[in-house]
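J.: Structure incoming, see below.
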Amino acid sequence: MENFKTELDADGILLATFDVPGKSMNTFTKSALADLSAIAERAKTDAEVKGVVITSGKTTGFCAGADLEEMLGGAWEAKSDPNDPEGALKAGFTAAFEMNRVYRQLETCGKPVAVAINGLALGGGLELSLACHYRVLNDGPKTQVGLPEIKIGLFPGGGGSQRLPRLIGAQAALMAMSEGKSFKPKEALQAGIVHEVVPVGQEVEAAKNWIKTKGDAVALWDKKDYKIPGGGPYHPAGAQVFIMGNALLRKQSYGNYPAVVNLMRAVYEGLQLPFDTAIRVESRYFVNTLQTPQAKAMIRTFFFNMQALGKGGGRPAGQPKTDPQQVAVLGAGMMGAGIAYVSALAGIKVILIDRDDAAASKGKSHCESLLKKAVSRGKMTQEKAQSVLDLIVPTPDYGQITGSDLIIEAVFENAELKATVTKDAEAKLYAGDKADTAIFGSNTSTIPISQLAKASGKPENFIGIHFFSPVDKMLLVEIITTDTTSDATLAKAMDYVLKIKKTPIVVNDSRFFFANRCFIPFTAEGMTMWSEGIAPSIIDNVGRMTGMPRGPLEMMDDVALDLLVKITSETAKAMGDAYVPIPGEKEVAAMVADGRLGRKNGKGFYDYPEAGGNKSLWSGLSDKFVVTTDEAEPELVEEIKKRLLYIQAVTAARCFEEGVITDPREADVGSILGWGFAPWSGGIVSLIDSIGAAKFVEELDALAAKHGDRFAPPQLLRDMAAKGETFYGRFGKKEAKAA
């Protein structure tokens, strides 16, 4: 066997150790499934085998599920005639059912099968465990189990949607699967997912002991007296789960995710059928889901693209790897303190600089509060927290910058102020032993990097490193290069971002760069609708229906209205006569002048109760613009959805045309991680690709005719429409940059 090592002990227990060669983590390939099938057959036919224990030979964990690259590449499918759609569908079903078939073969081999889970068991890894008759989990700090398939546009297709509801009940199972929830050892035990939790290293012994003392070779759902916990769909209590669950899932997903709908269908239908039929129903819905545009786009973005970029996929070739040991952060406000926190968390010493000791220390105090929260939640020990805090040195002394590998400037969005601190900081940065290797990064979110680089004595070492707020939670960092930025500087900036466990995307310099340039039109379109007399409640409710995390007016409150007014003022000043005011701009400025700053002070577009509770729209909004549309007719809802999504997508297309961004992977990942662009779409350019360039251009032309030239498609899109091209086809075929 290639993927399993087997050993029969004196008690007749066959230990099967899962250890895929050449891989850091076990995944199920077609070869691994064949090996597992052979183990099941041996257990069934070999009289010397009294029971089977399955464990992992990896230190990284048990199993992360199916090998998606192999499965989606068609390696699991039998060859079929491309002119025979029915034959292709059957081949797809057979491939999808293979995992179910093998797991069921193991479950019904006639011998007791226990699993000793020694780490991570996700997706198909947990589904294998559920097919075993007894589950032992170790209590390691990184051990967790779960069925996260929904997060990449799929749902459990290896029996998980049938076994988990039969094990813990439909309600608990649906909640876990629809959220893609992971369970820590104690949580998994309490939920009834595993039978036993033991100290690290004792899981195999515990599994063997069960076989020797209590081994039962029949699964719960195969016993004659089995009853579904909480009742099935035909039971009064169970029926309520599906009635309420259907409404709840609709509320959470707005029907944007076929996987959620098909999961509900698979569970509902499967629980009314014999188990062997139920898993065939699951596979049918799994294949159906796999063929949807949403699943294809989400798998590409959340699995393949995220992995590639997380490994530095955009890093320039030929540059040596670097490992920053000290970073100086200029500005100890919320953003600067957040940057200091994530840097120290990665083991980097941080010189946190502000105008005086009090201001710098305040930034460190923010880091301390984040660490205390992590300790209180059991995510970190007090000793670890203290070691992280000790790496942060608050000071007003620029002299301490000397010896840093990198500066990150995070002062207020004011070009003059940034120029001053750049000159002061570079005088120290380029004076020490790191003078020839250090680089300077600006965390500006709106001001062109080429403009800020004019204050630098070494523009080739100057780069944009744009974090998103809150820094400790947001996973994206936008790296901005200018015409003078060297490849060595870009590589060093990427190495830093990867070290702090963020995902970098690389864009070329432009006002607002890529993320903010695409996000701002979303809020601006919401303001335009407000000025048109559309009820704010309709604007924001439909905004959430698009799959965005908030409606545009809510989002403005979250960002802070006074900050938006400052950015607008700076932009108007910099652009001069070229600046085009946004409808509602003056009204928002008036709100800020009246003290309505957004969520941060409890009043903006919404009023936020001091004692918590639900927010409510500010009654004074109707004094700014009279509401003339307060009925959300289906046609209006669809038009608002298109306006809010398409204005972002057409802006992304303009960014490609102008060369601001050149890689569709970075555009998709950046849009989702940066500002929460509708995840169901797979990202901002995947949305266009799924619609089709020709159809998208046609719909943009209709929107432009009705609402203005901001929707007019750029020539790039018209060219792509004429040639039948996609963004991944046109821009994704070039050789990937190799680190």
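Chain labels A, B, ... are given in the sequence in which chains occur in the structure tokens; within each chain residues are numbered consecutively from 1, and ligands are likewise numbered from 1 in the order shown.
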Select from range 249-318 of chain A every residue with an atom at most 12 Å from any atom of range 227-233 of chain A, then for each give the shortest pair of atoms and their distance in Å to one decimal, using only C-alpha atoms, rows by chain and rising number, as a Markdown table.

T.:
```
| residue | atom | partner | partner_atom | distance |
| --- | --- | --- | --- | --- |
| A:Met264 | CA | A:Pro233 | CA | 11.4 |
| A:Arg265 | CA | A:Pro233 | CA | 11.2 |
| A:Ala266 | CA | A:Pro233 | CA | 11.9 |
| A:Val267 | CA | A:Pro233 | CA | 9.2 |
| A:Tyr268 | CA | A:Pro233 | CA | 6.4 |
| A:Glu269 | CA | A:Pro233 | CA | 8.3 |
| A:Gly270 | CA | A:Pro233 | CA | 9.7 |
| A:Leu271 | CA | A:Gly232 | CA | 6.2 |
| A:Gln272 | CA | A:Pro233 | CA | 7.0 |
| A:Leu273 | CA | A:Gly232 | CA | 10.4 |
```

J.: Quick one: write out the picked residues with N, CA, C and O atoms as a PDB file, in the first residue's frame?

T.:
```pdb
ATOM      1  N   MET A 264     -29.599  21.239   2.820  1.00  0.00           N
ATOM      2  CA  MET A 264     -30.900  21.065   3.471  1.00  0.00           C
ATOM      3  C   MET A 264     -31.711  19.971   2.776  1.00  0.00           C
ATOM      4  O   MET A 264     -32.323  19.118   3.431  1.00  0.00           O
ATOM      5  N   ARG A 265     -31.690  19.960   1.468  1.00  0.00           N
ATOM      6  CA  ARG A 265     -32.421  18.937   0.716  1.00  0.00           C
ATOM      7  C   ARG A 265     -31.868  17.541   0.994  1.00  0.00           C
ATOM      8  O   ARG A 265     -32.634  16.586   1.188  1.00  0.00           O
ATOM      9  N   ALA A 266     -30.544  17.427   1.000  1.00  0.00           N
ATOM     10  CA  ALA A 266     -29.915  16.118   1.224  1.00  0.00           C
ATOM     11  C   ALA A 266     -30.253  15.574   2.604  1.00  0.00           C
ATOM     12  O   ALA A 266     -30.547  14.382   2.758  1.00  0.00           O
ATOM     13  N   VAL A 267     -30.220  16.427   3.610  1.00  0.00           N
ATOM     14  CA  VAL A 267     -30.536  15.989   4.971  1.00  0.00           C
ATOM     15  C   VAL A 267     -32.015  15.631   5.082  1.00  0.00           C
ATOM     16  O   VAL A 267     -32.383  14.585   5.628  1.00  0.00           O
ATOM     17  N   TYR A 268     -32.872  16.509   4.562  1.00  0.00           N
ATOM     18  CA  TYR A 268     -34.319  16.294   4.645  1.00  0.00           C
ATOM     19  C   TYR A 268     -34.732  14.991   3.962  1.00  0.00           C
ATOM     20  O   TYR A 268     -35.468  14.176   4.532  1.00  0.00           O
ATOM     21  N   GLU A 269     -34.255  14.789   2.747  1.00  0.00           N
ATOM     22  CA  GLU A 269     -34.630  13.578   2.002  1.00  0.00           C
ATOM     23  C   GLU A 269     -33.922  12.346   2.568  1.00  0.00           C
ATOM     24  O   GLU A 269     -34.530  11.270   2.706  1.00  0.00           O
ATOM     25  N   GLY A 270     -32.645  12.500   2.894  1.00  0.00           N
ATOM     26  CA  GLY A 270     -31.859  11.360   3.345  1.00  0.00           C
ATOM     27  C   GLY A 270     -32.361  10.747   4.632  1.00  0.00           C
ATOM     28  O   GLY A 270     -32.329   9.518   4.796  1.00  0.00           O
ATOM     29  N   LEU A 271     -32.842  11.571   5.569  1.00  0.00           N
ATOM     30  CA  LEU A 271     -33.316  11.049   6.849  1.00  0.00           C
ATOM     31  C   LEU A 271     -34.608  10.251   6.719  1.00  0.00           C
ATOM     32  O   LEU A 271     -35.014   9.563   7.661  1.00  0.00           O
ATOM     33  N   GLN A 272     -35.246  10.323   5.567  1.00  0.00           N
ATOM     34  CA  GLN A 272     -36.474   9.561   5.354  1.00  0.00           C
ATOM     35  C   GLN A 272     -36.217   8.253   4.602  1.00  0.00           C
ATOM     36  O   GLN A 272     -37.153   7.521   4.291  1.00  0.00           O
ATOM     37  N   LEU A 273     -34.942   7.967   4.336  1.00  0.00           N
ATOM     38  CA  LEU A 273     -34.590   6.818   3.503  1.00  0.00           C
ATOM     39  C   LEU A 273     -33.646   5.871   4.223  1.00  0.00           C
ATOM     40  O   LEU A 273     -32.958   6.269   5.167  1.00  0.00           O
TER      41      LEU A 273
END
```

J.: Could you pull out all residues of range 2-96 of chain A with a DSSP call of alpha helix (DSSP H) and give them as a PyMOL selection string?

T.: chain A and resi 30-45+68-72+85-96

J.: Store the residues picked out above in a file with N, CA, C and O atoms, as a short mmCIF file (atom, residue, chain, number, x, y, z; two decimals), in the first residue's frame.

T.:
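Written out: again-v5.cif:
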```cif
data_model
loop_
_atom_site.label_atom_id
_atom_site.label_comp_id
_atom_site.auth_asym_id
_atom_site.auth_seq_id
_atom_site.Cartn_x
_atom_site.Cartn_y
_atom_site.Cartn_z
N LYS A 30 -7.46 9.33 -5.02
CA LYS A 30 -8.06 8.09 -5.53
C LYS A 30 -7.25 6.89 -5.04
O LYS A 30 -7.82 5.85 -4.67
N SER A 31 -5.93 7.06 -4.98
CA SER A 31 -5.04 5.98 -4.50
C SER A 31 -5.29 5.67 -3.03
O SER A 31 -5.33 4.51 -2.63
N ALA A 32 -5.47 6.73 -2.22
CA ALA A 32 -5.70 6.52 -0.78
C ALA A 32 -7.03 5.82 -0.54
O ALA A 32 -7.15 4.97 0.35
N LEU A 33 -8.04 6.17 -1.33
CA LEU A 33 -9.34 5.50 -1.19
C LEU A 33 -9.22 4.02 -1.57
O LEU A 33 -9.85 3.16 -0.94
N ALA A 34 -8.43 3.75 -2.59
CA ALA A 34 -8.22 2.35 -2.99
C ALA A 34 -7.54 1.56 -1.86
O ALA A 34 -7.90 0.41 -1.59
N ASP A 35 -6.58 2.19 -1.21
CA ASP A 35 -5.91 1.53 -0.08
C ASP A 35 -6.89 1.27 1.06
O ASP A 35 -6.88 0.19 1.68
N LEU A 36 -7.75 2.25 1.35
CA LEU A 36 -8.72 2.08 2.43
C LEU A 36 -9.71 0.97 2.09
O LEU A 36 -10.11 0.19 2.97
N SER A 37 -10.08 0.90 0.82
CA SER A 37 -10.98 -0.16 0.38
C SER A 37 -10.34 -1.53 0.59
O SER A 37 -11.00 -2.49 1.02
N ALA A 38 -9.03 -1.63 0.32
CA ALA A 38 -8.31 -2.89 0.51
C ALA A 38 -8.25 -3.27 1.99
O ALA A 38 -8.36 -4.45 2.36
N ILE A 39 -8.13 -2.25 2.87
CA ILE A 39 -8.12 -2.50 4.32
C ILE A 39 -9.48 -3.02 4.76
O ILE A 39 -9.57 -3.98 5.56
N ALA A 40 -10.54 -2.42 4.24
CA ALA A 40 -11.89 -2.87 4.58
C ALA A 40 -12.12 -4.31 4.12
O ALA A 40 -12.72 -5.13 4.83
N GLU A 41 -11.63 -4.62 2.94
CA GLU A 41 -11.79 -5.97 2.40
C GLU A 41 -11.01 -6.98 3.24
O GLU A 41 -11.49 -8.09 3.51
N ARG A 42 -9.81 -6.61 3.66
CA ARG A 42 -9.02 -7.52 4.50
C ARG A 42 -9.72 -7.76 5.84
O ARG A 42 -9.77 -8.90 6.34
N ALA A 43 -10.24 -6.68 6.42
CA ALA A 43 -10.96 -6.83 7.69
C ALA A 43 -12.13 -7.78 7.55
O ALA A 43 -12.42 -8.59 8.44
N LYS A 44 -12.80 -7.71 6.42
CA LYS A 44 -13.99 -8.54 6.19
C LYS A 44 -13.62 -10.01 5.97
O LYS A 44 -14.32 -10.91 6.47
N THR A 45 -12.53 -10.26 5.26
CA THR A 45 -12.23 -11.63 4.82
C THR A 45 -11.15 -12.35 5.62
O THR A 45 -11.06 -13.58 5.56
N LEU A 68 -8.79 18.02 -3.36
CA LEU A 68 -9.65 18.73 -4.31
C LEU A 68 -8.99 18.90 -5.67
O LEU A 68 -9.65 18.84 -6.71
N GLU A 69 -7.68 19.13 -5.66
CA GLU A 69 -6.99 19.34 -6.93
C GLU A 69 -7.11 18.11 -7.82
O GLU A 69 -7.37 18.22 -9.01
N GLU A 70 -6.94 16.95 -7.22
CA GLU A 70 -7.05 15.71 -7.98
C GLU A 70 -8.51 15.43 -8.36
O GLU A 70 -8.81 15.10 -9.50
N MET A 71 -9.41 15.60 -7.39
CA MET A 71 -10.82 15.28 -7.63
C MET A 71 -11.41 16.18 -8.71
O MET A 71 -12.08 15.72 -9.64
N LEU A 72 -11.14 17.50 -8.60
CA LEU A 72 -11.71 18.44 -9.56
C LEU A 72 -11.00 18.39 -10.90
O LEU A 72 -11.53 18.86 -11.90
N PRO A 85 -24.06 13.59 -22.72
CA PRO A 85 -24.26 14.30 -21.45
C PRO A 85 -24.69 13.38 -20.31
O PRO A 85 -24.25 13.54 -19.18
N GLU A 86 -25.56 12.41 -20.64
CA GLU A 86 -26.04 11.50 -19.60
C GLU A 86 -24.90 10.62 -19.09
O GLU A 86 -24.77 10.37 -17.89
N GLY A 87 -24.06 10.19 -20.01
CA GLY A 87 -22.91 9.39 -19.62
C GLY A 87 -21.94 10.19 -18.76
O GLY A 87 -21.37 9.67 -17.79
N ALA A 88 -21.75 11.47 -19.11
CA ALA A 88 -20.87 12.33 -18.33
C ALA A 88 -21.42 12.53 -16.92
O ALA A 88 -20.67 12.56 -15.94
N LEU A 89 -22.75 12.66 -16.83
CA LEU A 89 -23.39 12.85 -15.53
C LEU A 89 -23.20 11.61 -14.66
O LEU A 89 -22.91 11.70 -13.46
N LYS A 90 -23.36 10.44 -15.30
CA LYS A 90 -23.17 9.19 -14.56
C LYS A 90 -21.72 9.04 -14.09
O LYS A 90 -21.46 8.59 -12.97
N ALA A 91 -20.77 9.45 -14.96
CA ALA A 91 -19.35 9.38 -14.58
C ALA A 91 -19.08 10.30 -13.41
O ALA A 91 -18.32 9.97 -12.49
N GLY A 92 -19.71 11.48 -13.43
CA GLY A 92 -19.55 12.43 -12.34
C GLY A 92 -20.12 11.89 -11.05
O GLY A 92 -19.51 12.04 -9.97
N PHE A 93 -21.27 11.25 -11.12
CA PHE A 93 -21.89 10.67 -9.92
C PHE A 93 -21.02 9.55 -9.36
O PHE A 93 -20.80 9.46 -8.15
N THR A 94 -20.53 8.69 -10.25
CA THR A 94 -19.70 7.56 -9.81
C THR A 94 -18.45 8.06 -9.08
O THR A 94 -18.05 7.52 -8.04
N ALA A 95 -17.85 9.14 -9.63
CA ALA A 95 -16.66 9.71 -9.00
C ALA A 95 -17.00 10.29 -7.64
O ALA A 95 -16.29 10.09 -6.65
N ALA A 96 -18.11 11.02 -7.58
CA ALA A 96 -18.52 11.65 -6.32
C ALA A 96 -18.91 10.61 -5.28
O ALA A 96 -18.72 10.82 -4.08
#
```

J.: Which polymer residues have any atom within 6 Å of an atom of range 17-29 of chain A, counting only C-alpha atoms, with same-chain residues fewer than 3 positions away left out, as a list in words?

T.: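 Once the adjacent positions are removed, what remains is Asn3, Phe4, Lys5, Ala32, Ile54, Thr55, Ser56, Gly57, Cys63, Ala64, Gly65, Ala66 and Asp67 of chain A.
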
J.: Determine which residues of range 21-256 of chain A receive a DSSP assignment of strand (DSSP E), computed from the backbone, and state them as a PyMOL selection string.

T.: chain A and resi 51-56+61-63+113-117+120-122+134-138+145-146+182-183+196-198

J.: Hey, can you check how far CA of Gly215 in chain A sits from CA of Pro112 in chain A?

T.: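 Going from CA of Gly215 in chain A over to CA of Pro112 in chain A, I get 5.4 Å.
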
J.: Point out the residue among A:Glu460, A:Glu127, A:Asp495, A:Asp323 with the least atom-to-atom distance to Ser404 in chain A, counting only C-alpha atoms.

T.: A:Asp323

J.: Near Asp216 in chain A, counting only C-alpha atoms, which residues have an atom at most 10 Å away, once you skip same-chain residues fewer than 4 positions from it, shown as a ChimeraX atom specification?

T.: /A:51,110-114,133-134,210-211,220

J.: Residues of the last selection are to be written out with all heavy atoms, as a PDB file, in the first residue's frame.

T.:
```pdb
ATOM      1  N   GLY A  51     -10.441  -6.587  14.604  1.00  0.00           N
ATOM      2  CA  GLY A  51     -10.891  -5.203  14.595  1.00  0.00           C
ATOM      3  C   GLY A  51      -9.848  -4.323  13.935  1.00  0.00           C
ATOM      4  O   GLY A  51      -8.708  -4.758  13.682  1.00  0.00           O
ATOM      5  N   GLY A 110     -18.030  -5.831   9.000  1.00  0.00           N
ATOM      6  CA  GLY A 110     -18.326  -6.907   9.940  1.00  0.00           C
ATOM      7  C   GLY A 110     -17.388  -6.978  11.124  1.00  0.00           C
ATOM      8  O   GLY A 110     -17.550  -7.830  12.007  1.00  0.00           O
ATOM      9  N   LYS A 111     -16.408  -6.094  11.173  1.00  0.00           N
ATOM     10  CA  LYS A 111     -15.467  -6.027  12.294  1.00  0.00           C
ATOM     11  C   LYS A 111     -15.559  -4.622  12.918  1.00  0.00           C
ATOM     12  O   LYS A 111     -15.811  -3.642  12.212  1.00  0.00           O
ATOM     13  CB  LYS A 111     -14.034  -6.274  11.814  1.00  0.00           C
ATOM     14  CG  LYS A 111     -13.843  -7.587  11.061  1.00  0.00           C
ATOM     15  CD  LYS A 111     -13.881  -8.791  11.968  1.00  0.00           C
ATOM     16  CE  LYS A 111     -13.793 -10.093  11.165  1.00  0.00           C
ATOM     17  NZ  LYS A 111     -12.533 -10.269  10.433  1.00  0.00           N
ATOM     18  N   PRO A 112     -15.338  -4.520  14.227  1.00  0.00           N
ATOM     19  CA  PRO A 112     -15.376  -3.197  14.855  1.00  0.00           C
ATOM     20  C   PRO A 112     -14.217  -2.332  14.360  1.00  0.00           C
ATOM     21  O   PRO A 112     -13.071  -2.780  14.305  1.00  0.00           O
ATOM     22  CB  PRO A 112     -15.255  -3.495  16.346  1.00  0.00           C
ATOM     23  CG  PRO A 112     -14.626  -4.839  16.434  1.00  0.00           C
ATOM     24  CD  PRO A 112     -15.094  -5.596  15.228  1.00  0.00           C
ATOM     25  N   VAL A 113     -14.543  -1.094  13.995  1.00  0.00           N
ATOM     26  CA  VAL A 113     -13.538  -0.160  13.480  1.00  0.00           C
ATOM     27  C   VAL A 113     -13.531   1.081  14.375  1.00  0.00           C
ATOM     28  O   VAL A 113     -14.571   1.726  14.568  1.00  0.00           O
ATOM     29  CB  VAL A 113     -13.827   0.256  12.024  1.00  0.00           C
ATOM     30  CG1 VAL A 113     -12.748   1.223  11.529  1.00  0.00           C
ATOM     31  CG2 VAL A 113     -13.917  -0.964  11.123  1.00  0.00           C
ATOM     32  N   ALA A 114     -12.365   1.397  14.923  1.00  0.00           N
ATOM     33  CA  ALA A 114     -12.213   2.599  15.749  1.00  0.00           C
ATOM     34  C   ALA A 114     -11.227   3.536  15.068  1.00  0.00           C
ATOM     35  O   ALA A 114     -10.330   3.089  14.342  1.00  0.00           O
ATOM     36  CB  ALA A 114     -11.714   2.235  17.146  1.00  0.00           C
ATOM     37  N   HIS A 133     -16.880   2.961  13.924  1.00  0.00           N
ATOM     38  CA  HIS A 133     -17.856   2.667  14.979  1.00  0.00           C
ATOM     39  C   HIS A 133     -17.527   3.343  16.309  1.00  0.00           C
ATOM     40  O   HIS A 133     -18.397   3.496  17.153  1.00  0.00           O
ATOM     41  CB  HIS A 133     -17.936   1.147  15.186  1.00  0.00           C
ATOM     42  CG  HIS A 133     -18.213   0.394  13.916  1.00  0.00           C
ATOM     43  ND1 HIS A 133     -17.311  -0.493  13.364  1.00  0.00           N
ATOM     44  CD2 HIS A 133     -19.277   0.413  13.078  1.00  0.00           C
ATOM     45  CE1 HIS A 133     -17.810  -1.000  12.247  1.00  0.00           C
ATOM     46  NE2 HIS A 133     -19.005  -0.468  12.045  1.00  0.00           N
ATOM     47  N   TYR A 134     -16.276   3.746  16.477  1.00  0.00           N
ATOM     48  CA  TYR A 134     -15.868   4.390  17.736  1.00  0.00           C
ATOM     49  C   TYR A 134     -14.819   5.449  17.406  1.00  0.00           C
ATOM     50  O   TYR A 134     -13.916   5.228  16.593  1.00  0.00           O
ATOM     51  CB  TYR A 134     -15.280   3.356  18.695  1.00  0.00           C
ATOM     52  CG  TYR A 134     -15.140   3.838  20.127  1.00  0.00           C
ATOM     53  CD1 TYR A 134     -16.252   3.964  20.952  1.00  0.00           C
ATOM     54  CD2 TYR A 134     -13.888   4.165  20.665  1.00  0.00           C
ATOM     55  CE1 TYR A 134     -16.128   4.391  22.272  1.00  0.00           C
ATOM     56  CE2 TYR A 134     -13.753   4.589  21.989  1.00  0.00           C
ATOM     57  CZ  TYR A 134     -14.885   4.708  22.781  1.00  0.00           C
ATOM     58  OH  TYR A 134     -14.767   5.134  24.088  1.00  0.00           O
ATOM     59  N   TRP A 210     -11.052  -0.204  23.354  1.00  0.00           N
ATOM     60  CA  TRP A 210     -12.495  -0.311  23.066  1.00  0.00           C
ATOM     61  C   TRP A 210     -12.776  -1.578  22.262  1.00  0.00           C
ATOM     62  O   TRP A 210     -13.744  -2.299  22.534  1.00  0.00           O
ATOM     63  CB  TRP A 210     -12.986   0.922  22.308  1.00  0.00           C
ATOM     64  CG  TRP A 210     -14.412   0.783  21.863  1.00  0.00           C
ATOM     65  CD1 TRP A 210     -15.537   0.970  22.611  1.00  0.00           C
ATOM     66  CD2 TRP A 210     -14.863   0.379  20.563  1.00  0.00           C
ATOM     67  NE1 TRP A 210     -16.657   0.711  21.861  1.00  0.00           N
ATOM     68  CE2 TRP A 210     -16.275   0.344  20.602  1.00  0.00           C
ATOM     69  CE3 TRP A 210     -14.224   0.041  19.370  1.00  0.00           C
ATOM     70  CZ2 TRP A 210     -17.048   0.004  19.501  1.00  0.00           C
ATOM     71  CZ3 TRP A 210     -14.993  -0.302  18.261  1.00  0.00           C
ATOM     72  CH2 TRP A 210     -16.386  -0.323  18.336  1.00  0.00           C
ATOM     73  N   ILE A 211     -11.943  -1.837  21.262  1.00  0.00           N
ATOM     74  CA  ILE A 211     -12.149  -3.033  20.439  1.00  0.00           C
ATOM     75  C   ILE A 211     -12.047  -4.299  21.296  1.00  0.00           C
ATOM     76  O   ILE A 211     -12.854  -5.227  21.169  1.00  0.00           O
ATOM     77  CB  ILE A 211     -11.131  -3.074  19.274  1.00  0.00           C
ATOM     78  CG1 ILE A 211     -11.463  -1.965  18.261  1.00  0.00           C
ATOM     79  CG2 ILE A 211     -11.149  -4.441  18.584  1.00  0.00           C
ATOM     80  CD1 ILE A 211     -10.483  -1.852  17.113  1.00  0.00           C
ATOM     81  N   LEU A 220     -24.733   2.765  14.615  1.00  0.00           N
ATOM     82  CA  LEU A 220     -26.011   3.101  15.262  1.00  0.00           C
ATOM     83  C   LEU A 220     -27.168   3.022  14.290  1.00  0.00           C
ATOM     84  O   LEU A 220     -28.221   2.439  14.574  1.00  0.00           O
ATOM     85  CB  LEU A 220     -25.942   4.531  15.840  1.00  0.00           C
ATOM     86  CG  LEU A 220     -25.251   4.734  17.181  1.00  0.00           C
ATOM     87  CD1 LEU A 220     -25.197   6.215  17.508  1.00  0.00           C
ATOM     88  CD2 LEU A 220     -26.008   3.975  18.269  1.00  0.00           C
TER      89      LEU A 220
END
```

J.: Just how far from CA of Ile117 in chain A is CA of Lys224 in chain A, in Å to one decimal?

T.: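 Straight-line distance from CA of Lys224 in chain A to CA of Ile117 in chain A works out to 28.6 Å.
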
J.: Using only C-alpha atoms, which protein or nucleic acid residues come within 10 Å of range 371-374 of chain A? Drop anything in the same chain fewer than 2 positions from it, and give the result as a tab-separated table (two decimals) with N, CA and C atoms, in the first residue's frame.

T.:
```tsv
chain	number	residue	atom	x	y	z
A	341	TYR	N	0.80	45.04	17.00
A	341	TYR	CA	0.29	43.81	17.63
A	341	TYR	C	0.55	42.58	16.76
A	345	LEU	N	3.15	39.53	17.47
A	345	LEU	CA	2.57	38.20	17.54
A	345	LEU	C	3.37	37.21	16.69
A	365	SER	N	-0.82	49.91	25.10
A	365	SER	CA	-1.93	49.49	25.96
A	365	SER	C	-3.04	48.82	25.15
A	366	HIS	N	-3.25	49.33	23.93
A	366	HIS	CA	-4.25	48.69	23.05
A	366	HIS	C	-3.82	47.25	22.74
A	367	CYS	N	-2.53	47.06	22.48
A	367	CYS	CA	-2.01	45.70	22.22
A	367	CYS	C	-2.22	44.83	23.45
A	368	GLU	N	-1.98	45.39	24.63
A	368	GLU	CA	-2.13	44.64	25.87
A	368	GLU	C	-3.58	44.20	26.07
A	369	SER	N	-4.53	45.06	25.72
A	369	SER	CA	-5.95	44.69	25.87
A	369	SER	C	-6.32	43.55	24.92
A	376	SER	N	-7.99	35.45	28.13
A	376	SER	CA	-9.27	35.17	28.79
A	376	SER	C	-10.11	34.16	28.02
A	377	ARG	N	-9.89	34.09	26.71
A	377	ARG	CA	-10.64	33.15	25.87
A	377	ARG	C	-9.90	31.83	25.68
A	378	GLY	N	-8.79	31.67	26.37
A	378	GLY	CA	-8.06	30.42	26.29
A	378	GLY	C	-7.27	30.22	25.02
A	379	LYS	N	-7.07	31.29	24.25
A	379	LYS	CA	-6.35	31.18	22.99
A	379	LYS	C	-4.84	31.38	23.15
A	380	MET	N	-4.44	31.81	24.35
A	380	MET	CA	-3.03	32.10	24.59
A	380	MET	C	-2.75	32.01	26.08
A	381	THR	N	-1.55	31.57	26.43
A	381	THR	CA	-1.17	31.54	27.84
A	381	THR	C	-0.71	32.93	28.27
A	382	GLN	N	-0.72	33.17	29.56
A	382	GLN	CA	-0.26	34.46	30.08
A	382	GLN	C	1.22	34.67	29.76
A	384	LYS	N	2.89	33.51	27.17
A	384	LYS	CA	3.01	33.85	25.75
A	384	LYS	C	2.60	35.31	25.53
A	385	ALA	N	1.51	35.72	26.15
A	385	ALA	CA	1.04	37.10	26.01
A	385	ALA	C	2.10	38.09	26.47
A	386	GLN	N	2.73	37.79	27.59
A	386	GLN	CA	3.75	38.69	28.11
A	386	GLN	C	4.96	38.76	27.19
A	388	VAL	N	4.94	38.40	23.99
A	388	VAL	CA	4.54	39.21	22.84
A	388	VAL	C	4.60	40.69	23.21
A	389	LEU	N	4.04	41.03	24.37
A	389	LEU	CA	3.99	42.43	24.81
A	389	LEU	C	5.40	42.99	24.99
```

J.: May I have the residues within 9 Å of Phe302 in chain A as a list in words, using only C-alpha atoms and disregarding those fewer than 2 positions away in the same chain?

T.: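 Selected residues are Lys151, Ile152, Gly153, Ala297, Met298, Ile299, Arg300, Phe304, Asn305, Met306, Gln307, Val669 and Gly682 of chain A.
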